[in-house]
file query.pdb (PDB, C-alpha atoms, pLDDT in the B column)
MODEL        1
ATOM      1  CA  MET A   1     -79.021  15.737  18.502  1.00 51.00           C
ATOM      2  CA  GLN A   2     -76.531  17.149  16.038  1.00 53.00           C
ATOM      3  CA  GLY A   3     -74.111  14.635  14.470  1.00 51.00           C
ATOM      4  CA  GLY A   4     -70.420  15.473  14.023  1.00 51.00           C
ATOM      5  CA  SER A   5     -67.240  13.895  12.757  1.00 51.00           C
ATOM      6  CA  GLY A   6     -64.336  12.928  14.924  1.00 52.00           C
ATOM      7  CA  ASP A   7     -62.086  15.274  12.947  1.00 56.00           C
ATOM      8  CA  GLU A   8     -63.622  18.443  14.295  1.00 58.00           C
ATOM      9  CA  VAL A   9     -61.186  20.705  16.076  1.00 53.00           C
ATOM     10  CA  PRO A  10     -62.296  22.272  19.331  1.00 57.00           C
ATOM     11  CA  ARG A  11     -62.665  26.032  19.303  1.00 60.00           C
ATOM     12  CA  GLY A  12     -59.541  27.942  20.251  1.00 55.00           C
ATOM     13  CA  MET A  13     -57.117  25.275  18.958  1.00 57.00           C
ATOM     14  CA  MET A  14     -55.035  25.909  15.867  1.00 64.00           C
ATOM     15  CA  THR A  15     -53.959  23.156  13.462  1.00 77.00           C
ATOM     16  CA  VAL A  16     -50.460  23.030  11.944  1.00 71.00           C
ATOM     17  CA  PRO A  17     -50.459  21.966   8.309  1.00 81.00           C
ATOM     18  CA  HIS A  18     -48.847  18.598   7.646  1.00 79.00           C
ATOM     19  CA  SER A  19     -46.212  20.028   5.279  1.00 86.00           C
ATOM     20  CA  ILE A  20     -45.011  22.493   7.926  1.00 87.00           C
ATOM     21  CA  ARG A  21     -44.620  19.712  10.490  1.00 84.00           C
ATOM     22  CA  ILE A  22     -42.508  17.656   8.053  1.00 89.00           C
ATOM     23  CA  GLY A  23     -40.357  20.689   7.239  1.00 84.00           C
ATOM     24  CA  ALA A  24     -39.759  21.357  10.934  1.00 82.00           C
ATOM     25  CA  LEU A  25     -38.742  17.730  11.494  1.00 86.00           C
ATOM     26  CA  VAL A  26     -36.274  17.880   8.580  1.00 86.00           C
ATOM     27  CA  LEU A  27     -34.742  21.113   9.900  1.00 85.00           C
ATOM     28  CA  ALA A  28     -34.428  19.729  13.425  1.00 82.00           C
ATOM     29  CA  THR A  29     -32.792  16.520  12.168  1.00 84.00           C
ATOM     30  CA  THR A  30     -30.360  18.434   9.959  1.00 84.00           C
ATOM     31  CA  ALA A  31     -29.400  20.751  12.812  1.00 77.00           C
ATOM     32  CA  PHE A  32     -28.844  17.791  15.172  1.00 74.00           C
ATOM     33  CA  TYR A  33     -26.543  15.910  12.790  1.00 73.00           C
ATOM     34  CA  GLY A  34     -24.716  19.106  11.902  1.00 68.00           C
ATOM     35  CA  TYR A  35     -24.032  19.658  15.610  1.00 62.00           C
ATOM     36  CA  VAL A  36     -22.856  16.055  16.091  1.00 56.00           C
ATOM     37  CA  GLY A  37     -20.648  16.330  12.998  1.00 60.00           C
ATOM     38  CA  GLN A  38     -18.854  19.337  14.488  1.00 58.00           C
ATOM     39  CA  MET A  39     -18.048  17.338  17.627  1.00 51.00           C
ATOM     40  CA  VAL A  40     -16.204  14.640  15.634  1.00 49.00           C
ATOM     41  CA  PRO A  41     -12.496  15.463  15.098  1.00 46.00           C
ATOM     42  CA  GLN A  42     -11.845  16.276  11.465  1.00 48.00           C
ATOM     43  CA  LYS A  43      -8.788  14.882   9.699  1.00 43.00           C
ATOM     44  CA  GLU A  44      -7.715  16.357   6.413  1.00 47.00           C
ATOM     45  CA  VAL A  45      -6.526  13.725   3.954  1.00 44.00           C
ATOM     46  CA  GLN A  46      -3.800  14.912   1.618  1.00 49.00           C
ATOM     47  CA  PRO A  47      -2.900  13.234  -1.679  1.00 51.00           C
ATOM     48  CA  PRO A  48       0.322  11.197  -1.495  1.00 51.00           C
ATOM     49  CA  GLN A  49       3.448  13.316  -1.819  1.00 57.00           C
ATOM     50  CA  GLU A  50       5.586  12.802  -4.869  1.00 60.00           C
ATOM     51  CA  THR A  51       9.057  11.662  -3.956  1.00 65.00           C
ATOM     52  CA  THR A  52      12.106  13.164  -5.578  1.00 73.00           C
ATOM     53  CA  LEU A  53      14.993  10.754  -5.949  1.00 83.00           C
ATOM     54  CA  ALA A  54      18.369  12.289  -6.680  1.00 84.00           C
ATOM     55  CA  SER A  55      20.771  10.152  -8.694  1.00 84.00           C
ATOM     56  CA  ASP A  56      23.460  10.589  -6.022  1.00 87.00           C
ATOM     57  CA  MET A  57      21.328   9.393  -3.105  1.00 93.00           C
ATOM     58  CA  THR A  58      23.083   7.139  -0.626  1.00 96.00           C
ATOM     59  CA  THR A  59      21.600   3.817   0.386  1.00 97.00           C
ATOM     60  CA  ALA A  60      20.781   5.290   3.803  1.00 96.00           C
ATOM     61  CA  ASP A  61      18.898   8.151   2.129  1.00 96.00           C
ATOM     62  CA  MET A  62      17.051   5.638  -0.044  1.00 97.00           C
ATOM     63  CA  ALA A  63      15.965   3.716   3.053  1.00 97.00           C
ATOM     64  CA  LYS A  64      14.505   6.897   4.585  1.00 96.00           C
ATOM     65  CA  VAL A  65      12.618   7.676   1.387  1.00 96.00           C
ATOM     66  CA  GLY A  66      11.517   4.042   1.193  1.00 97.00           C
ATOM     67  CA  ARG A  67       9.872   4.294   4.615  1.00 97.00           C
ATOM     68  CA  GLN A  68       8.049   7.457   3.519  1.00 96.00           C
ATOM     69  CA  ILE A  69       6.833   5.724   0.361  1.00 96.00           C
ATOM     70  CA  MET A  70       5.567   2.772   2.388  1.00 96.00           C
ATOM     71  CA  GLU A  71       3.608   5.096   4.678  1.00 94.00           C
ATOM     72  CA  GLY A  72       2.277   7.225   1.830  1.00 95.00           C
ATOM     73  CA  LYS A  73       2.180   6.617  -1.893  1.00 94.00           C
ATOM     74  CA  GLY A  74       2.801   2.876  -1.651  1.00 94.00           C
ATOM     75  CA  PHE A  75       0.007   2.238   0.898  1.00 94.00           C
ATOM     76  CA  CYS A  76       2.152  -0.671   2.192  1.00 94.00           C
ATOM     77  CA  LEU A  77       1.364  -0.072   5.860  1.00 92.00           C
ATOM     78  CA  THR A  78      -2.357  -0.150   5.168  1.00 91.00           C
ATOM     79  CA  CYS A  79      -2.115  -3.964   5.148  1.00 92.00           C
ATOM     80  CA  HIS A  80       1.363  -4.791   6.486  1.00 94.00           C
ATOM     81  CA  THR A  81       2.511  -4.149  10.043  1.00 94.00           C
ATOM     82  CA  ILE A  82       5.997  -3.760  11.499  1.00 94.00           C
ATOM     83  CA  GLY A  83       6.378  -5.512  14.830  1.00 92.00           C
ATOM     84  CA  LYS A  84       2.710  -5.961  15.671  1.00 83.00           C
ATOM     85  CA  THR A  85       0.849  -9.105  16.584  1.00 75.00           C
ATOM     86  CA  GLY A  86      -2.745 -10.217  16.370  1.00 72.00           C
ATOM     87  CA  ALA A  87      -4.946 -10.535  13.308  1.00 69.00           C
ATOM     88  CA  LEU A  88      -2.761  -9.581  10.359  1.00 78.00           C
ATOM     89  CA  ARG A  89      -4.039  -9.004   6.845  1.00 87.00           C
ATOM     90  CA  PHE A  90      -0.605  -9.504   5.286  1.00 92.00           C
ATOM     91  CA  PRO A  91       2.701 -10.700   6.816  1.00 93.00           C
ATOM     92  CA  ASP A  92       4.326  -8.595   9.511  1.00 94.00           C
ATOM     93  CA  LEU A  93       7.540  -6.985   8.261  1.00 96.00           C
ATOM     94  CA  ALA A  94       9.607  -7.011  11.465  1.00 95.00           C
ATOM     95  CA  GLY A  95      12.862  -8.836  10.683  1.00 96.00           C
ATOM     96  CA  VAL A  96      11.722  -9.442   7.106  1.00 97.00           C
ATOM     97  CA  ASP A  97      15.198  -9.186   5.569  1.00 97.00           C
ATOM     98  CA  VAL A  98      16.351 -12.251   7.522  1.00 97.00           C
ATOM     99  CA  ARG A  99      13.461 -14.293   6.136  1.00 96.00           C
ATOM    100  CA  ALA A 100      13.800 -12.827   2.627  1.00 97.00           C
ATOM    101  CA  LYS A 101      17.287 -14.297   2.198  1.00 96.00           C
ATOM    102  CA  THR A 102      15.981 -17.869   2.508  1.00 96.00           C
ATOM    103  CA  ARG A 103      12.267 -17.580   1.734  1.00 95.00           C
ATOM    104  CA  VAL A 104      12.523 -18.752  -1.891  1.00 96.00           C
ATOM    105  CA  PRO A 105      15.474 -20.993  -2.816  1.00 95.00           C
ATOM    106  CA  GLY A 106      17.738 -19.306  -5.344  1.00 94.00           C
ATOM    107  CA  LEU A 107      16.549 -15.749  -4.641  1.00 96.00           C
ATOM    108  CA  SER A 108      18.555 -13.167  -2.714  1.00 96.00           C
ATOM    109  CA  ASP A 109      16.748 -10.754  -0.443  1.00 97.00           C
ATOM    110  CA  VAL A 110      16.781  -8.068  -3.155  1.00 96.00           C
ATOM    111  CA  GLU A 111      15.382 -10.471  -5.759  1.00 96.00           C
ATOM    112  CA  TYR A 112      12.739 -11.747  -3.321  1.00 97.00           C
ATOM    113  CA  PHE A 113      11.608  -8.235  -2.419  1.00 97.00           C
ATOM    114  CA  ALA A 114      11.496  -7.250  -6.092  1.00 97.00           C
ATOM    115  CA  GLU A 115       9.413 -10.298  -6.967  1.00 97.00           C
ATOM    116  CA  SER A 116       7.093  -9.614  -4.031  1.00 97.00           C
ATOM    117  CA  MET A 117       6.322  -6.154  -5.393  1.00 97.00           C
ATOM    118  CA  TYR A 118       6.349  -6.657  -9.158  1.00 98.00           C
ATOM    119  CA  GLU A 119       4.828 -10.141  -9.170  1.00 97.00           C
ATOM    120  CA  PRO A 120       3.288 -10.637  -5.703  1.00 97.00           C
ATOM    121  CA  THR A 121       1.430 -13.844  -6.531  1.00 96.00           C
ATOM    122  CA  ALA A 122       4.590 -15.675  -7.702  1.00 96.00           C
ATOM    123  CA  PHE A 123       5.143 -16.693  -4.073  1.00 96.00           C
ATOM    124  CA  VAL A 124       2.514 -16.212  -1.370  1.00 96.00           C
ATOM    125  CA  VAL A 125       3.472 -16.654   2.268  1.00 94.00           C
ATOM    126  CA  PRO A 126       1.492 -19.629   3.631  1.00 93.00           C
ATOM    127  CA  GLY A 127      -1.542 -18.585   5.633  1.00 91.00           C
ATOM    128  CA  PHE A 128      -2.118 -15.340   3.727  1.00 92.00           C
ATOM    129  CA  PRO A 129      -4.330 -14.594   0.714  1.00 93.00           C
ATOM    130  CA  PRO A 130      -2.892 -13.811  -2.750  1.00 94.00           C
ATOM    131  CA  ALA A 131      -4.416 -10.344  -2.560  1.00 93.00           C
ATOM    132  CA  MET A 132      -1.503  -7.921  -2.910  1.00 95.00           C
ATOM    133  CA  PRO A 133      -1.528  -6.014  -6.215  1.00 95.00           C
ATOM    134  CA  PRO A 134       1.621  -5.364  -8.290  1.00 96.00           C
ATOM    135  CA  ILE A 135       2.749  -2.021  -6.929  1.00 96.00           C
ATOM    136  CA  ASN A 136       4.448  -0.878 -10.132  1.00 96.00           C
ATOM    137  CA  LYS A 137       1.038  -0.722 -11.849  1.00 96.00           C
ATOM    138  CA  PRO A 138      -2.021   1.456 -11.215  1.00 95.00           C
ATOM    139  CA  PRO A 139      -3.594   2.269  -8.858  1.00 93.00           C
ATOM    140  CA  ILE A 140      -0.314   2.463  -6.866  1.00 95.00           C
ATOM    141  CA  GLY A 141       2.168   2.820  -9.724  1.00 95.00           C
ATOM    142  CA  LEU A 142       5.546   3.089  -8.016  1.00 96.00           C
ATOM    143  CA  THR A 143       8.532   3.683 -10.283  1.00 95.00           C
ATOM    144  CA  ASP A 144      11.527   1.324 -10.428  1.00 95.00           C
ATOM    145  CA  GLN A 145      13.560   3.829  -8.386  1.00 95.00           C
ATOM    146  CA  GLU A 146      10.846   4.135  -5.740  1.00 96.00           C
ATOM    147  CA  ILE A 147      10.662   0.344  -5.462  1.00 97.00           C
ATOM    148  CA  LEU A 148      14.441   0.203  -4.992  1.00 97.00           C
ATOM    149  CA  SER A 149      14.039   2.709  -2.157  1.00 97.00           C
ATOM    150  CA  VAL A 150      11.367   0.521  -0.557  1.00 98.00           C
ATOM    151  CA  ILE A 151      13.720  -2.460  -0.895  1.00 98.00           C
ATOM    152  CA  ALA A 152      16.453  -0.434   0.831  1.00 98.00           C
ATOM    153  CA  TYR A 153      14.124   0.197   3.764  1.00 98.00           C
ATOM    154  CA  LEU A 154      12.983  -3.439   3.913  1.00 98.00           C
ATOM    155  CA  GLN A 155      16.637  -4.488   4.099  1.00 98.00           C
ATOM    156  CA  THR A 156      17.004  -2.413   7.281  1.00 98.00           C
ATOM    157  CA  LEU A 157      14.383  -4.630   8.931  1.00 97.00           C
ATOM    158  CA  GLY A 158      16.766  -7.337  10.066  1.00 96.00           C
ATOM    159  CA  GLY A 159      19.719  -6.597   7.799  1.00 96.00           C
ATOM    160  CA  THR A 160      21.916  -3.960   6.204  1.00 96.00           C
ATOM    161  CA  PRO A 161      20.725  -2.155   3.066  1.00 97.00           C
ATOM    162  CA  THR A 162      22.899  -2.776   0.022  1.00 96.00           C
ATOM    163  CA  VAL A 163      20.890  -1.490  -2.935  1.00 96.00           C
ATOM    164  CA  THR A 164      21.580   1.705  -4.843  1.00 95.00           C
ATOM    165  CA  LEU A 165      19.540   3.432  -7.527  1.00 94.00           C
ATOM    166  CA  GLN A 166      21.692   1.559 -10.041  1.00 93.00           C
ATOM    167  CA  THR A 167      20.889  -1.904  -8.631  1.00 95.00           C
ATOM    168  CA  LYS A 168      19.547  -4.236 -11.299  1.00 94.00           C
ATOM    169  CA  HIS A 169      17.230  -7.200 -10.862  1.00 95.00           C
ATOM    170  CA  ARG A 170      15.183  -9.142 -13.367  1.00 94.00           C
ATOM    171  CA  TYR A 171      12.270  -6.696 -13.216  1.00 96.00           C
ATOM    172  CA  ASN A 172      14.154  -3.477 -13.945  1.00 94.00           C
ATOM    173  CA  SER A 173      16.975  -4.599 -16.240  1.00 82.00           C
ATOM    174  CA  GLY A 174      15.128  -3.515 -19.374  1.00 45.00           C
ATOM    175  CA  GLY A 175      15.046  -7.053 -20.780  1.00 44.00           C
ATOM    176  CA  ALA A 176      12.318  -9.637 -20.884  1.00 44.00           C
ATOM    177  CA  VAL A 177      11.458 -11.102 -17.513  1.00 43.00           C
ATOM    178  CA  ALA A 178      12.059 -14.839 -17.457  1.00 46.00           C
ATOM    179  CA  PRO A 179       9.803 -16.933 -15.224  1.00 48.00           C
ATOM    180  CA  ARG A 180      11.358 -17.859 -11.893  1.00 49.00           C
ATOM    181  CA  GLY A 181      13.264 -21.106 -12.180  1.00 50.00           C
ATOM    182  CA  ALA A 182      13.791 -20.773 -15.927  1.00 46.00           C
ATOM    183  CA  THR A 183      17.355 -21.207 -17.092  1.00 42.00           C
ATOM    184  CA  ALA A 184      18.950 -18.332 -18.926  1.00 40.00           C
ATOM    185  CA  PRO A 185      20.163 -18.988 -22.471  1.00 40.00           C
ATOM    186  CA  ALA A 186      23.817 -19.914 -22.642  1.00 41.00           C
ATOM    187  CA  ALA A 187      26.059 -16.994 -23.431  1.00 40.00           C
ATOM    188  CA  ALA A 188      28.259 -17.121 -26.501  1.00 43.00           C
ATOM    189  CA  PRO A 189      31.796 -18.200 -25.614  1.00 42.00           C
ATOM    190  CA  ALA A 190      34.238 -15.382 -25.137  1.00 43.00           C
ATOM    191  CA  PRO A 191      36.940 -14.932 -27.748  1.00 46.00           C
ATOM    192  CA  GLY A 192      39.841 -17.220 -26.937  1.00 47.00           C
ATOM    193  CA  ALA A 193      37.757 -19.560 -24.809  1.00 42.00           C
ATOM    194  CA  ALA A 194      38.552 -23.234 -24.976  1.00 44.00           C
ATOM    195  CA  PRO A 195      35.871 -25.951 -25.093  1.00 45.00           C
ATOM    196  CA  GLY A 196      34.305 -26.464 -21.680  1.00 43.00           C
ATOM    197  CA  GLY A 197      34.529 -22.777 -20.781  1.00 40.00           C
ATOM    198  CA  ALA A 198      38.192 -22.660 -19.790  1.00 40.00           C
ATOM    199  CA  VAL A 199      39.850 -19.467 -20.910  1.00 39.00           C
ATOM    200  CA  LYS A 200      43.091 -19.923 -22.820  1.00 41.00           C
ATOM    201  CA  ARG A 201      46.067 -18.248 -21.317  1.00 39.00           C
TER     202      ARG A 201
ENDMDL
END

call {"tool": "encode", "arguments": {"input": "query.pdb", "output": "structure tokens"}}
result
Amino acid sequence: MQGGSGDEVPRGMMTVPHSIRIGALVLATTAFYGYVGQMVPQKEVQPPQETTLASDMTTADMAKVGRQIMEGKGFCLTCHTIGKTGALRFPDLAGVDVRAKTRVPGLSDVEYFAESMYEPTAFVVPGFPPAMPPINKPPIGLTDQEILSVIAYLQTLGGTPTVTLQTKHRYNSGGAVAPRGATAPAAAPAPGAAPGGAVKR
């Protein structure tokens, strides 16, 4: 009786080398995922558009630009919602101007909005994390004028926009920013002023 190994191939059958089988599997897998990838709708992502702010823009124009900045370059609506409910990452902005006027004692709505963007951890709305970055610094890097436009739009959410491109607050006045609650140094008395601040007539 002739002995044989179990690896013998019957006559008439052809073996496919192992490397060819692996190559065929790779090609089939690549073709399958390529086909599936073509079925998924493709969305082209464009870099944020640069906004052009004319010096003679009206407050209404600023509010329109502010909305565009929030949707695009500012990435505001990535985390904030406007009029939505449910699990919110950051506070919803519907009616925010009404709340902004009384949110922090001593701050107007403009000052509150400015602080929220330049120094977002100075006041954090209870129930939300202190996770918002300053939007005047990289990676967002909005300019002072763009932030004023965002403030103009935020004022429309429950109020009437009042800012212009010339509006000053403690973050864009060109001077040192005093901590909130700090008292400003007393101004020198005006010429002709009497003791106690009364102006002589």

call {"tool": "atom_distance", "arguments": {"input": "query.pdb", "atom1": "atom CA of A:Val98", "atom2": "atom CA of A:Gln155"}}
result
8.5 Å

call {"tool": "resolve_selection", "arguments": {"input": "query.pdb", "expression": "the PyMOL selection byres ((chain A and resi 67) around 12)", "output": "mmCIF file with C-alpha atoms, in the frame of the given file"}}
result
data_model
loop_
_atom_site.group_PDB
_atom_site.id
_atom_site.type_symbol
_atom_site.label_atom_id
_atom_site.label_comp_id
_atom_site.auth_asym_id
_atom_site.auth_seq_id
_atom_site.Cartn_x
_atom_site.Cartn_y
_atom_site.Cartn_z
ATOM 1 C CA THR A 51 9.057 11.662 -3.956
ATOM 2 C CA ALA A 60 20.781 5.290 3.803
ATOM 3 C CA ASP A 61 18.898 8.151 2.129
ATOM 4 C CA MET A 62 17.051 5.638 -0.044
ATOM 5 C CA ALA A 63 15.965 3.716 3.053
ATOM 6 C CA LYS A 64 14.505 6.897 4.585
ATOM 7 C CA VAL A 65 12.618 7.676 1.387
ATOM 8 C CA GLY A 66 11.517 4.042 1.193
ATOM 9 C CA GLN A 68 8.049 7.457 3.519
ATOM 10 C CA ILE A 69 6.833 5.724 0.361
ATOM 11 C CA MET A 70 5.567 2.772 2.388
ATOM 12 C CA GLU A 71 3.608 5.096 4.678
ATOM 13 C CA GLY A 72 2.277 7.225 1.830
ATOM 14 C CA LYS A 73 2.180 6.617 -1.893
ATOM 15 C CA GLY A 74 2.801 2.876 -1.651
ATOM 16 C CA PHE A 75 0.007 2.238 0.898
ATOM 17 C CA CYS A 76 2.152 -0.671 2.192
ATOM 18 C CA LEU A 77 1.364 -0.072 5.860
ATOM 19 C CA ILE A 82 5.997 -3.760 11.499
ATOM 20 C CA GLU A 146 10.846 4.135 -5.740
ATOM 21 C CA ILE A 147 10.662 0.344 -5.462
ATOM 22 C CA LEU A 148 14.441 0.203 -4.992
ATOM 23 C CA SER A 149 14.039 2.709 -2.157
ATOM 24 C CA VAL A 150 11.367 0.521 -0.557
ATOM 25 C CA ILE A 151 13.720 -2.460 -0.895
ATOM 26 C CA ALA A 152 16.453 -0.434 0.831
ATOM 27 C CA TYR A 153 14.124 0.197 3.764
ATOM 28 C CA LEU A 154 12.983 -3.439 3.913
ATOM 29 C CA GLN A 155 16.637 -4.488 4.099
ATOM 30 C CA THR A 156 17.004 -2.413 7.281
ATOM 31 C CA LEU A 157 14.383 -4.630 8.931
#

call {"tool": "atom_distance", "arguments": {"input": "query.pdb", "atom1": "atom CA of A:Gln145", "atom2": "atom CA of A:Leu53"}}
result
7.5 Å

call {"tool": "atom_distance", "arguments": {"input": "query.pdb", "atom1": "atom CA of A:Tyr118", "atom2": "atom CA of A:Pro134"}}
result
5.0 Å

call {"tool": "axis_aligned_box", "arguments": {"input": "query.pdb", "around": "stretch 83-100 of chain A", "padding_each_side": "5 Å", "output": "lines of an AutoDock Vina configuration file"}}
result
center_x = 5.7
center_y = -9.9
center_z = 9.6
size_x = 31.3
size_y = 18.8
size_z = 24.0

call {"tool": "residues_around", "arguments": {"input": "query.pdb", "residues": "A:Thr167", "least_positions_apart": "2", "cutoff": "12 Å", "atoms": "all atoms listed in the file", "output": "ChimeraX atom specification"}}
result
/A:59,110-111,114,144-145,147-149,151-152,161-165,169-173

call {"tool": "write_last_selection", "arguments": {"input": "query.pdb", "atoms": "C-alpha atoms", "output": "compact mmCIF listing (two decimals), in the coordinates of the input"}}
result
# COMPACT_ATOMS: atom_id res chain seq x y z
CA THR A 59 21.60 3.82 0.39
CA VAL A 110 16.78 -8.07 -3.16
CA GLU A 111 15.38 -10.47 -5.76
CA ALA A 114 11.50 -7.25 -6.09
CA ASP A 144 11.53 1.32 -10.43
CA GLN A 145 13.56 3.83 -8.39
CA ILE A 147 10.66 0.34 -5.46
CA LEU A 148 14.44 0.20 -4.99
CA SER A 149 14.04 2.71 -2.16
CA ILE A 151 13.72 -2.46 -0.90
CA ALA A 152 16.45 -0.43 0.83
CA PRO A 161 20.72 -2.15 3.07
CA THR A 162 22.90 -2.78 0.02
CA VAL A 163 20.89 -1.49 -2.94
CA THR A 164 21.58 1.70 -4.84
CA LEU A 165 19.54 3.43 -7.53
CA HIS A 169 17.23 -7.20 -10.86
CA ARG A 170 15.18 -9.14 -13.37
CA TYR A 171 12.27 -6.70 -13.22
CA ASN A 172 14.15 -3.48 -13.94
CA SER A 173 16.98 -4.60 -16.24

call {"tool": "residues_around", "arguments": {"input": "query.pdb", "residues": "A:Glu119", "least_positions_apart": "3", "cutoff": "10 Å", "atoms": "all atoms listed in the file", "output": "list in words"}}
result
Tyr112, Phe113, Ala114, Glu115, Ser116, Ala122, Phe123, Met132, Pro133, Pro134, Ile135, Asn136 and Tyr171 of chain A

call {"tool": "closest_residue", "arguments": {"input": "query.pdb", "among": "A:Arg99, A:Gln166, A:Pro91, A:Pro105", "to": "A:Ser55", "atoms": "all atoms listed in the file"}}
result
A:Gln166

call {"tool": "residues_around", "arguments": {"input": "query.pdb", "residues": "A:Leu93", "least_positions_apart": "6", "cutoff": "7 Å", "atoms": "all atoms listed in the file", "output": "JSON, numbers by chain"}}
result
{"A": [80, 81, 82, 83]}

call {"tool": "write_last_selection", "arguments": {"input": "query.pdb", "atoms": "C-alpha atoms", "output": "tab-separated table (two decimals), in the coordinates of the input"}}
result
chain	number	residue	atom	x	y	z
A	80	HIS	CA	1.36	-4.79	6.49
A	81	THR	CA	2.51	-4.15	10.04
A	82	ILE	CA	6.00	-3.76	11.50
A	83	GLY	CA	6.38	-5.51	14.83

call {"tool": "closest_residue", "arguments": {"input": "query.pdb", "among": "A:Leu27, A:Thr78, A:Met117, A:Val16", "to": "A:Gly141", "atoms": "all atoms listed in the file"}}
result
A:Met117

call {"tool": "closest_residue", "arguments": {"input": "query.pdb", "among": "A:Arg103, A:Cys79, A:Lys168, A:Thr29", "to": "A:Pro126", "atoms": "all atoms listed in the file"}}
result
A:Arg103
